[in-house]
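*Asks:* Dropping the structure in here first, questions after.
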Amino acid sequence: KNLIRLTNIFLGSLLALFGFSNCEDARVEYGVPNADYNVKGKVVDKVDSKPIKGIRVAFIPYHQAVTMYGILPAPYRTYKTVTTDDTGNYDLTDNFSIGEIQNDTLPVYVQDVDGAENGLYKDTLIYVGFKDAVKSGKSTSWYNGKFSVEKNIELKRKANE
């Protein structure tokens, strides 16, 4: 009985001295660091630099940004998409976690979706770099703000036109 009592007093003294919890980690947050990424600019014809309306501009996941046999795969799942206006302008913003960004770049898929209305253009995959992006918005907790870049895109006409 004395051994058990001494053991209990010893363990109770250790708990009182060191406490019941770890004091080094004050608070644990759940989530993933993320930020808003914005790319805007103008889509123009590569030959005559005229703006092109009706072009879809979309972020796509990296695993879909692989060309095989020189052909771009049509994305089965895109993030946010926008269509160029009458003056060829676009403004695309979406939220990405740190795991979705590789080397400060994001793949953007550019696709002619209006048919032959204003000419037929080749689908294009570009990589937009955010290393020198303009940062705005306040960083809070896991949110790192908004990163913006301007990127003008030149499209080639399809050969069969």
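How things are named: the first chain in the structure tokens is A, the next is B, and so on; residues count from 1 in each chain; ligands count from 1 in the order shown.
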If we count only C-alpha atoms and set the cut-off at 7 Å, which residues sit around Leu125 in chain A, ignoring sequence neighbours fewer than 4 positions away in its own chain? Please answer as a PyMOL selection string.

*Replies:* chain A and resi 107-110

*Asks:* I need the chosen residues saved as a PDB file, in the first residue's frame, with N, CA and C atoms.

*Replies:*
ATOM      1  N   PRO A 107      -1.587  26.632 -64.851  1.00  0.00           N
ATOM      2  CA  PRO A 107      -1.935  26.425 -66.250  1.00  0.00           C
ATOM      3  C   PRO A 107      -3.286  27.064 -66.571  1.00  0.00           C
ATOM      4  N   VAL A 108      -3.356  27.711 -67.734  1.00  0.00           N
ATOM      5  CA  VAL A 108      -4.595  28.343 -68.202  1.00  0.00           C
ATOM      6  C   VAL A 108      -4.902  27.768 -69.580  1.00  0.00           C
ATOM      7  N   TYR A 109      -6.122  27.279 -69.745  1.00  0.00           N
ATOM      8  CA  TYR A 109      -6.575  26.677 -70.990  1.00  0.00           C
ATOM      9  C   TYR A 109      -7.405  27.708 -71.737  1.00  0.00           C
ATOM     10  N   VAL A 110      -7.062  27.966 -72.993  1.00  0.00           N
ATOM     11  CA  VAL A 110      -7.745  28.963 -73.815  1.00  0.00           C
ATOM     12  C   VAL A 110      -8.388  28.211 -74.981  1.00  0.00           C
TER      13      VAL A 110
END

*Asks:* Please identify all polymer residues within 8 Å of range 154-159 of chain A, counting only C-alpha atoms, omitting same-chain residues fewer than 4 positions from it, and present them as a count of residues only.

*Replies:* 11

*Asks:* Find the residue from A:Lys40, A:Lys50, A:Lys80, A:Arg56 that sits nearest to Phe147 in chain A; use only C-alpha atoms when measuring.

*Replies:*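 Distance minimum relative to Phe147 in chain A lands on A:Lys40.
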
*Asks:* Using only C-alpha atoms, which residue out of A:Lys131, A:Lys53, A:Lys42, A:Lys138 lies closest to Leu92 in chain A?

*Replies:*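 Closest to Leu92 in chain A of all the choices is A:Lys42.
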
*Asks:* Do a neighbour search on Asp132 in chain A at 10 Å with only C-alpha atoms, toss out local chain neighbours closer than 2 positions, and write the hits as JSON, numbers by chain.

*Replies:* {"A": [104, 129, 130, 134, 135, 147, 148, 149]}

*Asks:* As a PDB file with N, CA and C atoms, in the first residue's frame, which residues of range 1-157 of chain A does DSSP assign to helix (DSSP H, G or I)?

*Replies:*
ATOM      1  N   ASN A   2       1.940   1.222   0.752  1.00  0.00           N
ATOM      2  CA  ASN A   2       2.821   2.381   0.826  1.00  0.00           C
ATOM      3  C   ASN A   2       3.466   2.674  -0.535  1.00  0.00           C
ATOM      4  N   LEU A   3       3.823   1.613  -1.274  1.00  0.00           N
ATOM      5  CA  LEU A   3       4.422   1.794  -2.589  1.00  0.00           C
ATOM      6  C   LEU A   3       3.444   2.463  -3.555  1.00  0.00           C
ATOM      7  N   ILE A   4       2.197   2.035  -3.527  1.00  0.00           N
ATOM      8  CA  ILE A   4       1.178   2.629  -4.391  1.00  0.00           C
ATOM      9  C   ILE A   4       0.933   4.082  -3.992  1.00  0.00           C
ATOM     10  N   ARG A   5       0.861   4.357  -2.697  1.00  0.00           N
ATOM     11  CA  ARG A   5       0.634   5.712  -2.223  1.00  0.00           C
ATOM     12  C   ARG A   5       1.794   6.623  -2.625  1.00  0.00           C
ATOM     13  N   LEU A   6       3.034   6.180  -2.471  1.00  0.00           N
ATOM     14  CA  LEU A   6       4.193   6.969  -2.868  1.00  0.00           C
ATOM     15  C   LEU A   6       4.209   7.203  -4.384  1.00  0.00           C
ATOM     16  N   THR A   7       3.839   6.189  -5.147  1.00  0.00           N
ATOM     17  CA  THR A   7       3.773   6.334  -6.602  1.00  0.00           C
ATOM     18  C   THR A   7       2.727   7.372  -6.984  1.00  0.00           C
ATOM     19  N   ASN A   8       1.549   7.331  -6.365  1.00  0.00           N
ATOM     20  CA  ASN A   8       0.494   8.318  -6.642  1.00  0.00           C
ATOM     21  C   ASN A   8       0.939   9.736  -6.273  1.00  0.00           C
ATOM     22  N   ILE A   9       1.612   9.888  -5.154  1.00  0.00           N
ATOM     23  CA  ILE A   9       2.095  11.211  -4.753  1.00  0.00           C
ATOM     24  C   ILE A   9       3.142  11.708  -5.751  1.00  0.00           C
ATOM     25  N   PHE A  10       4.044  10.821  -6.178  1.00  0.00           N
ATOM     26  CA  PHE A  10       5.061  11.197  -7.143  1.00  0.00           C
ATOM     27  C   PHE A  10       4.436  11.609  -8.482  1.00  0.00           C
ATOM     28  N   LEU A  11       3.515  10.805  -9.002  1.00  0.00           N
ATOM     29  CA  LEU A  11       2.861  11.133 -10.279  1.00  0.00           C
ATOM     30  C   LEU A  11       2.017  12.407 -10.160  1.00  0.00           C
ATOM     31  N   GLY A  12       1.325  12.586  -9.037  1.00  0.00           N
ATOM     32  CA  GLY A  12       0.545  13.814  -8.822  1.00  0.00           C
ATOM     33  C   GLY A  12       1.433  15.042  -8.786  1.00  0.00           C
ATOM     34  N   SER A  13       2.606  14.902  -8.168  1.00  0.00           N
ATOM     35  CA  SER A  13       3.553  16.019  -8.106  1.00  0.00           C
ATOM     36  C   SER A  13       4.073  16.356  -9.503  1.00  0.00           C
ATOM     37  N   LEU A  14       4.353  15.338 -10.332  1.00  0.00           N
ATOM     38  CA  LEU A  14       4.802  15.574 -11.704  1.00  0.00           C
ATOM     39  C   LEU A  14       3.726  16.290 -12.519  1.00  0.00           C
ATOM     40  N   LEU A  15       2.474  15.857 -12.383  1.00  0.00           N
ATOM     41  CA  LEU A  15       1.381  16.512 -13.105  1.00  0.00           C
ATOM     42  C   LEU A  15       1.207  17.957 -12.664  1.00  0.00           C
ATOM     43  N   ALA A  16       1.325  18.199 -11.367  1.00  0.00           N
ATOM     44  CA  ALA A  16       1.197  19.566 -10.868  1.00  0.00           C
ATOM     45  C   ALA A  16       2.359  20.433 -11.357  1.00  0.00           C
ATOM     46  N   LEU A  17       3.555  19.851 -11.448  1.00  0.00           N
ATOM     47  CA  LEU A  17       4.719  20.600 -11.870  1.00  0.00           C
ATOM     48  C   LEU A  17       4.706  20.898 -13.371  1.00  0.00           C
ATOM     49  N   PHE A  18       4.388  19.905 -14.191  1.00  0.00           N
ATOM     50  CA  PHE A  18       4.430  20.068 -15.646  1.00  0.00           C
ATOM     51  C   PHE A  18       3.077  20.388 -16.281  1.00  0.00           C
ATOM     52  N   TYR A  62      -3.123  20.940 -62.750  1.00  0.00           N
ATOM     53  CA  TYR A  62      -1.862  20.557 -63.380  1.00  0.00           C
ATOM     54  C   TYR A  62      -1.926  19.174 -64.020  1.00  0.00           C
ATOM     55  N   HIS A  63      -2.620  18.235 -63.410  1.00  0.00           N
ATOM     56  CA  HIS A  63      -2.629  16.885 -63.973  1.00  0.00           C
ATOM     57  C   HIS A  63      -3.379  16.823 -65.304  1.00  0.00           C
ATOM     58  N   GLN A  64      -4.155  17.856 -65.635  1.00  0.00           N
ATOM     59  CA  GLN A  64      -4.829  17.897 -66.933  1.00  0.00           C
ATOM     60  C   GLN A  64      -4.033  18.711 -67.943  1.00  0.00           C
ATOM     61  N   ILE A  98      -2.041  25.985 -51.512  1.00  0.00           N
ATOM     62  CA  ILE A  98      -0.612  25.951 -51.791  1.00  0.00           C
ATOM     63  C   ILE A  98      -0.214  24.680 -52.544  1.00  0.00           C
ATOM     64  N   GLY A  99      -0.950  23.599 -52.379  1.00  0.00           N
ATOM     65  CA  GLY A  99      -0.637  22.356 -53.075  1.00  0.00           C
ATOM     66  C   GLY A  99      -1.003  22.369 -54.544  1.00  0.00           C
ATOM     67  N   GLU A 100      -1.842  23.285 -54.956  1.00  0.00           N
ATOM     68  CA  GLU A 100      -2.264  23.357 -56.355  1.00  0.00           C
ATOM     69  C   GLU A 100      -1.364  24.246 -57.205  1.00  0.00           C
TER      70      GLU A 100
END

*Asks:* Counting only C-alpha atoms, which residue out of A:Gln102, A:Thr84, A:Asn95, A:Ser141 sits closest to Tyr30 in chain A?

*Replies:*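 Among the listed residues, the smallest separation from Tyr30 in chain A belongs to A:Ser141.
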
*Asks:* Just asking: which residues within chain A are strand (DSSP E) according to DSSP, as a ChimeraX atom specification?

*Replies:* /A:34-45,55-59,81-83,89-97,105-112,124-129,134-136,143-150,153-155

*Asks:* For the atom pair CA of Ile153 in chain A and CA of Phe96 in chain A, what is the interatomic distance in Å to one decimal place?

*Replies:*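 For CA of Ile153 in chain A relative to CA of Phe96 in chain A, the distance reads 22.1 Å.
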
*Asks:* So which one's closest to Tyr127 in chain A, A:Ile101, A:Asn144, A:Ser139, A:Ile55? Using only C-alpha atoms, please.

*Replies:*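 Result for the nearest residue to Tyr127 in chain A: A:Ile101.
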
*Asks:* Check the smallest atom-to-atom distance from each of A:Asp36, A:Pro51, A:Phe59, A:Thr83 to Asp114 in chain A using only C-alpha atoms, then report the winner.

*Replies:*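 That would be A:Thr83, the residue with the smallest distance to Asp114 in chain A.
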
*Asks:* Need to verify the contact set: Tyr79 in chain A, 8 Å, only C-alpha atoms, exclusion of same-chain residues closer than 2 positions in sequence. Can you return it as a count of residues only?

*Replies:* 7

*Asks:* Looking at only C-alpha atoms, which of A:Tyr90, A:Asp85, A:Lys151, A:Ser97 is the one that sits closest to Ala35 in chain A?

*Replies:*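 For Ala35 in chain A, the nearest of the given residues is A:Ser97.
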